[in-house]
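Written below as structure tokens is the structure these notes are about.
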Amino acid sequence: MQASDKKGILAVVVVSILGLGITFTAGESLSDAVIHPMQWLRGPGSNLAFGAAIDDSFGTYDSPKLLASSVDPAAARRLWMQKCSQCHGADGQAKTPTADLLNPRPRDFSEGVVKFVSSRATTEHAPRPSQVDLRRVIREGAPFTSMSAFDELNENELDAIVAYTRWLLIRNASGRAIRGGKIAHYANDIARLRKMVTAQFDAADLPVVDLISKGRTGDVVRGKDLFQSTRAACFTCHGSSGAGDGAAATDENGKALLMDIWGQPAPPRDLRLGQFHGGSTTRAIFSRIQNGIPGTPMPAATALTDIEILDLTAYVLQLRGNL
Amino acid sequence: MSQYSLSPWPQRWAILSLIVTILLTIGIGGVITSTEVGMAYPTWPDINGGSLFDFFYGSLAEQFGIGSTIEHTHRQAGTLSGLAIMALVAACFFSRGTTSAHKKMSLIVFGLVVAQGLLGAFRVLANSYGGAIIHAVGAQLVIVSIVIIIKMTARNQSSIPNNSAMSRLQLWSFIGIIVLFLNLVTAAALRHKEGAFSGHLILAILAAAVLGFVVRHALIHFRDIHAIRQSARRLLTLLGLQLGLGLGTWSYLLGPLQGTILEGQSRFLLESSLATTHLLFGVLVLAQLTALWMDARASNHSNAAAKEL
């Protein structure tokens with residue numbers, strides 16, 4: 001063997017080790033959650049393995065692998081069954097006799113989506129609720145709905161139910177992404193997906209420094225102008241008077257056109273009644289406008305500045321009682 | 001023993017095995033990975049309790065999606081590869097003029113293809129990325145082994161001088177096989193979302209450099225030897241096409257052309273076609289390089305035989 005061959009072989013070995021090392025340690029250059037545009041190729045058979053893989057990664061409803069290590073999973077499940085399952089179901093899908101009797105229906109968590117959130121919408125996913133959002137709805141209830149305020153819960157119990165609800169949402173949001181064909185069908189993907197969706201929920205927990213925290217208030221006149229403008233386009237659903245009778249809301253026969261992702265009618269709120277399910281505080285209304293109401297036709301006001309949203313909030317709050 | 005006393009059947013079966021394995025088994029396997037339908041049907045080897053060949057494609061697609069048909073056709077093609085290789089083993093054992101080396105090599109090929117089938121089963125039943133990568137890499141070993149037996153069972157091997165230049169060709173073509181194999185490992189990892197593109201790029205450049213050297217060396221020193229010259233030219237052609245395909249695949253999947261041509265399903269089909277074709281040419285480059293290595297090795301054997309005479 002010539003000396004040049006020995007040098008060449010050494011170079012090949014070094015570059016090969018470098019290439020292999022980079023391949024397996026430099027992370028992924030392909031997206032974790034590639035949307036598969038030909039889901040029909042896969043068919044329903046592929047879902048058979050995923051139920052088991054989801055259970056393996058997330059735990060089952062009865063034996064959840066909660067994300068909050070400080071919460072006892074068994075205690076959390078017990079509380080869920082005691083306090084929540086009558087309306088929301090043992091599996092969170094709200095398929096219960098009680099749910100059938102309620103209007104609006106109790107939230108079905110199978111989509112991994114809830115309505116009242118304070119985090120920003122992104123192009124990738126619906127806004128995720130923060131733990132504060134969940135805590136508030138459980139503690140204070142949803143006004144003008146059957147979701148009552150669970151103010152009898154102590155802090156530990158509240159922590160447990162928040163942890164279980166959050167686990168349920170992350171589990172179902174991950175499962176929904178798989179069933180929607182947004183990720184390749186491998187067990188590894190489920191672990192990745194869990195990490196990705198959990199990160200989305202974690203991001204919702206980041207503190208938000210907003211104008212309300214700084215004591216700013218909105219301008220009703222500017223808010224009214226925005227409400228009627230094509231830029232904010234609030235009037236298209238809520239009507240020019242805020243009565244919820246906009247052109248996009250009903251057809252010529254007065255039939256409601258708007259539906260939510262749970263298949264329920266989602267008529268625009270009559271703002272004059274002031275009956276806001278997500279709360280009537282300035283912060284609550286601000287969040288509804290800023291982030292929209294996930295799962296419903298109410299969009300996030302991504303084109304508006306925070307000051308403009310604050311102006312709109314002031315106007316909406318001022319509409320209360322203008323019947 | 002003169003190679004002319006050797007029956008043509010072992011090589012015929014080996015060539016058939018190579019064609020079936022590359023075009024059908026690996027080709028469809030590549031489509032499966034490109035279209036991400038590896039888990040379209042999560043049991044093995046049956047479909048809904050039926051045997052491997054006992055079903056209608058139409059009802060299969062209707063029940064379990066077209067992906068399950070692609071996946072199952074890959075299993076059937078693998079079976080076809082196995083049957084062809086079994087015939088090759090039989091030909092090596094029972095045909096005129098075969099030696100113990102032919103028999104041993106045919107058993108190695110058979111063992112590899114059986115292992116490949118079991119790896120495929122493991123990959124599906126364990127729903128494993130790692131299993132998918134090993135399965136993809138195992139296919140390359142099968143190809144290398146089939147090419148080796150094709151060359152071993154050739155009847156008209158030309159007389160090739162054994163000198164230092166030939167030893168160098170043999171050495172570097174073998175190194176080229178190793179590097180190509182490693183690069184196919186990185187490609188499999190990348191395609192199964194377990195590896196970074198930059199690693200595949202580094203090994204692709206290294207492989208191109210080593211293969212370029214091998215071709216140059218072969219064409220400079222052995223231009224008068226038809227077998228070597230032909231192998232080197234084929235390798236050069238395949239390498240050029242493969243580099244072009246690699247560039248095109250990168251441009252469209254990850255590079256500047258990403259998302260610029262076609263949308264939705266058409267785009268997905270183009271991406272899948274590019275990636276699958278790139279994979280197939282990678283296999284062809286490996287097969288051709290193995291053939292060149294075997295041609296270079298033949299010089300040692302033919303000269304050893306001459307000395308014995």
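In the structure tokens, chains take the letters A, B, ... in the order shown, each chain's residues start at 1, and ligands count up from 1 in the order shown.
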
As a PyMOL selection string, please: the residues near Ile150 in chain B (cut-off 6 Å, only C-alpha atoms, same-chain neighbours under 2 positions excluded). chain B and resi 11+14+147-148+152-153

What would the file look like if the residues just selected were written as a CSV table (one decimal), in the first residue's frame with N, CA and C atoms?
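The result, written out as part_1.csv:
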chain,number,residue,atom,x,y,z
B,11,GLN,N,-25.9,-17.6,-13.0
B,11,GLN,CA,-25.9,-16.2,-13.3
B,11,GLN,C,-27.2,-15.6,-13.8
B,14,ALA,N,-29.3,-15.1,-10.8
B,14,ALA,CA,-28.7,-14.0,-10.0
B,14,ALA,C,-29.1,-12.6,-10.6
B,147,VAL,N,-24.7,-8.8,-6.6
B,147,VAL,CA,-23.8,-8.4,-7.6
B,147,VAL,C,-22.5,-9.3,-7.5
B,148,ILE,N,-22.1,-9.6,-6.3
B,148,ILE,CA,-20.9,-10.4,-6.1
B,148,ILE,C,-21.2,-11.8,-6.7
B,152,MET,N,-19.3,-13.7,-9.7
B,152,MET,CA,-18.6,-15.0,-9.5
B,152,MET,C,-19.1,-16.1,-10.4
B,153,THR,N,-20.4,-15.9,-10.9
B,153,THR,CA,-20.9,-17.0,-11.8
B,153,THR,C,-20.8,-16.6,-13.3

Any idea what the distance is between CA of Thr198 in chain A and CA of Ile289 in chain A? 24.7 Å

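Neighbouring residues of Trp13 in chain B at 12 Å or closer, counting only C-alpha atoms and skipping chain neighbours under 4 positions away, are Ser7, Pro8, Trp9, Ser17, Leu18, Ile19, Val20, Thr21, Ser81, Gly82, Leu83, Ala84, Ile85, Met86, Ala87, Leu88, Val89, Ala90, Ala91, Cys92, Ser95, Ser106, Ile146, Val147, Ile149, Ile150, Thr153 and Ala154 of chain B.
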
I want to know what sits within 10 Å of Gly321 in chain A, based on only C-alpha atoms, with residues of the same chain fewer than 6 positions away left out; could you give that as a PDB file with N, CA, C and O atoms, in the first residue's frame?
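Output file out_32.pdb is given in full below:
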ATOM      1  N   LEU A 271     -73.800  41.619  21.724  1.00  0.00           N
ATOM      2  CA  LEU A 271     -72.911  42.307  22.658  1.00  0.00           C
ATOM      3  C   LEU A 271     -73.684  43.214  23.613  1.00  0.00           C
ATOM      4  O   LEU A 271     -73.196  43.564  24.684  1.00  0.00           O
ATOM      5  N   ARG A 272     -74.900  43.556  23.225  1.00  0.00           N
ATOM      6  CA  ARG A 272     -75.684  44.469  24.065  1.00  0.00           C
ATOM      7  C   ARG A 272     -76.140  43.787  25.358  1.00  0.00           C
ATOM      8  O   ARG A 272     -76.394  44.431  26.363  1.00  0.00           O
ATOM      9  N   LEU A 273     -76.235  42.426  25.290  1.00  0.00           N
ATOM     10  CA  LEU A 273     -76.664  41.688  26.489  1.00  0.00           C
ATOM     11  C   LEU A 273     -75.557  41.617  27.546  1.00  0.00           C
ATOM     12  O   LEU A 273     -75.828  41.448  28.730  1.00  0.00           O
ATOM     13  N   GLY A 274     -74.340  41.719  27.062  1.00  0.00           N
ATOM     14  CA  GLY A 274     -73.225  41.666  28.000  1.00  0.00           C
ATOM     15  C   GLY A 274     -73.025  40.300  28.624  1.00  0.00           C
ATOM     16  O   GLY A 274     -72.408  40.174  29.679  1.00  0.00           O
TER      17      GLY A 274
END

Top pick for closest residue to Glu111 in chain A, considering A:Pro97, A:Gly92, A:Gly239, A:Gly254 and counting only C-alpha atoms: A:Gly92

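Checking A:Gln318, A:Thr165, A:Ser240, A:Gln2 one by one against Ala68 in chain A, counting only C-alpha atoms, you find the shortest gap at A:Thr165.
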
What's the separation between CA of Met196 in chain A and CA of Gly131 in chain B, in Å to one decimal place? 23.4 Å

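The coordinates place CA of Arg216 in chain B at 17.9 Å from CA of Pro161 in chain B.
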
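When only C-alpha atoms are used to compute distances to Phe150 in chain A, the closest of the residues A:Ala90, A:Val114, A:Ile22, A:Cys84 turns out to be A:Cys84.
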
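Ranking B:Leu238, B:Leu184, B:Val215, B:Leu16 by their shortest atom-to-atom distance to Leu203 in chain B, with only C-alpha atoms included, puts B:Leu184 first.
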
Please identify all polymer residues within 7 Å of Tyr315 in chain A, counting only C-alpha atoms, omitting same-chain residues fewer than 3 positions from it, and present them as number ranges by chain. A: 220, 223-224, 311-312, 318-319

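Taking only C-alpha atoms into account, chain A lies nearest to B:Gly176 out of the set B:Gly117, B:Gly97, B:Gly176, B:Gly111.
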
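Among the candidates B:Tyr129, B:Phe93, B:Phe181, B:Phe281, the residue lying nearest to chain A is B:Tyr129 (atoms considered: only C-alpha atoms).
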
Considering only C-alpha atoms, return as a CSV table (one decimal) with N, CA, C and O atoms, in the first residue's frame whatever protein or nucleic-acid residues lie within 10 Å of Glu308 in chain A, sequence-local ones (same chain, fewer than 5 positions apart) excluded.
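Okay, out_6.csv is ready:
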chain,number,residue,atom,x,y,z
A,218,GLY,N,-58.9,52.0,27.0
A,218,GLY,CA,-59.2,52.2,25.6
A,218,GLY,C,-60.1,53.4,25.3
A,218,GLY,O,-60.7,54.0,26.3
A,219,ASP,N,-60.2,53.8,24.0
A,219,ASP,CA,-61.0,54.9,23.7
A,219,ASP,C,-62.2,54.4,22.9
A,219,ASP,O,-62.1,53.8,21.9
A,222,ARG,N,-62.8,55.7,19.2
A,222,ARG,CA,-61.9,55.0,18.3
A,222,ARG,C,-62.4,53.5,18.1
A,222,ARG,O,-62.3,53.0,17.0
A,223,GLY,N,-62.8,53.0,19.2
A,223,GLY,CA,-63.2,51.6,19.2
A,223,GLY,C,-64.4,51.4,18.3
A,223,GLY,O,-64.6,50.4,17.5
A,226,LEU,N,-63.5,51.6,14.7
A,226,LEU,CA,-62.8,50.3,14.3
A,226,LEU,C,-63.9,49.2,14.1
A,226,LEU,O,-63.8,48.4,13.2
A,232,ALA,N,-61.3,45.9,10.9
A,232,ALA,CA,-61.6,44.9,12.0
A,232,ALA,C,-62.8,44.0,11.6
A,232,ALA,O,-62.8,42.9,12.0
A,290,GLN,N,-58.3,39.7,21.0
A,290,GLN,CA,-56.9,39.5,20.6
A,290,GLN,C,-56.7,38.1,20.1
A,290,GLN,O,-56.0,37.9,19.0
A,301,ALA,N,-57.7,38.8,16.3
A,301,ALA,CA,-57.5,40.1,15.6
A,301,ALA,C,-56.0,40.3,15.3
A,301,ALA,O,-55.4,41.2,15.9
A,303,ALA,N,-54.5,41.5,12.8
A,303,ALA,CA,-54.1,42.7,12.1
A,303,ALA,C,-54.2,44.0,12.9
A,303,ALA,O,-53.8,45.0,12.5
A,313,THR,N,-62.2,46.9,22.9
A,313,THR,CA,-62.7,46.4,24.2
A,313,THR,C,-63.5,47.4,24.9
A,313,THR,O,-64.6,47.1,25.4
A,314,ALA,N,-63.0,48.6,24.9
A,314,ALA,CA,-63.8,49.7,25.6
A,314,ALA,C,-65.1,49.9,24.9
A,314,ALA,O,-66.2,50.0,25.6

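Residues with any atom within 10 Å of Ser110 in chain A, counting only C-alpha atoms and excluding same-chain neighbours fewer than 2 positions away, are Asp91, Gly92, Gln93, Ala94, Arg107, Asp108, Gly112, Val113, Val114, Leu168, Leu169, Ile170, Arg171, Asn172, Ala173, Gly175, Arg176 and Trp262 of chain A.
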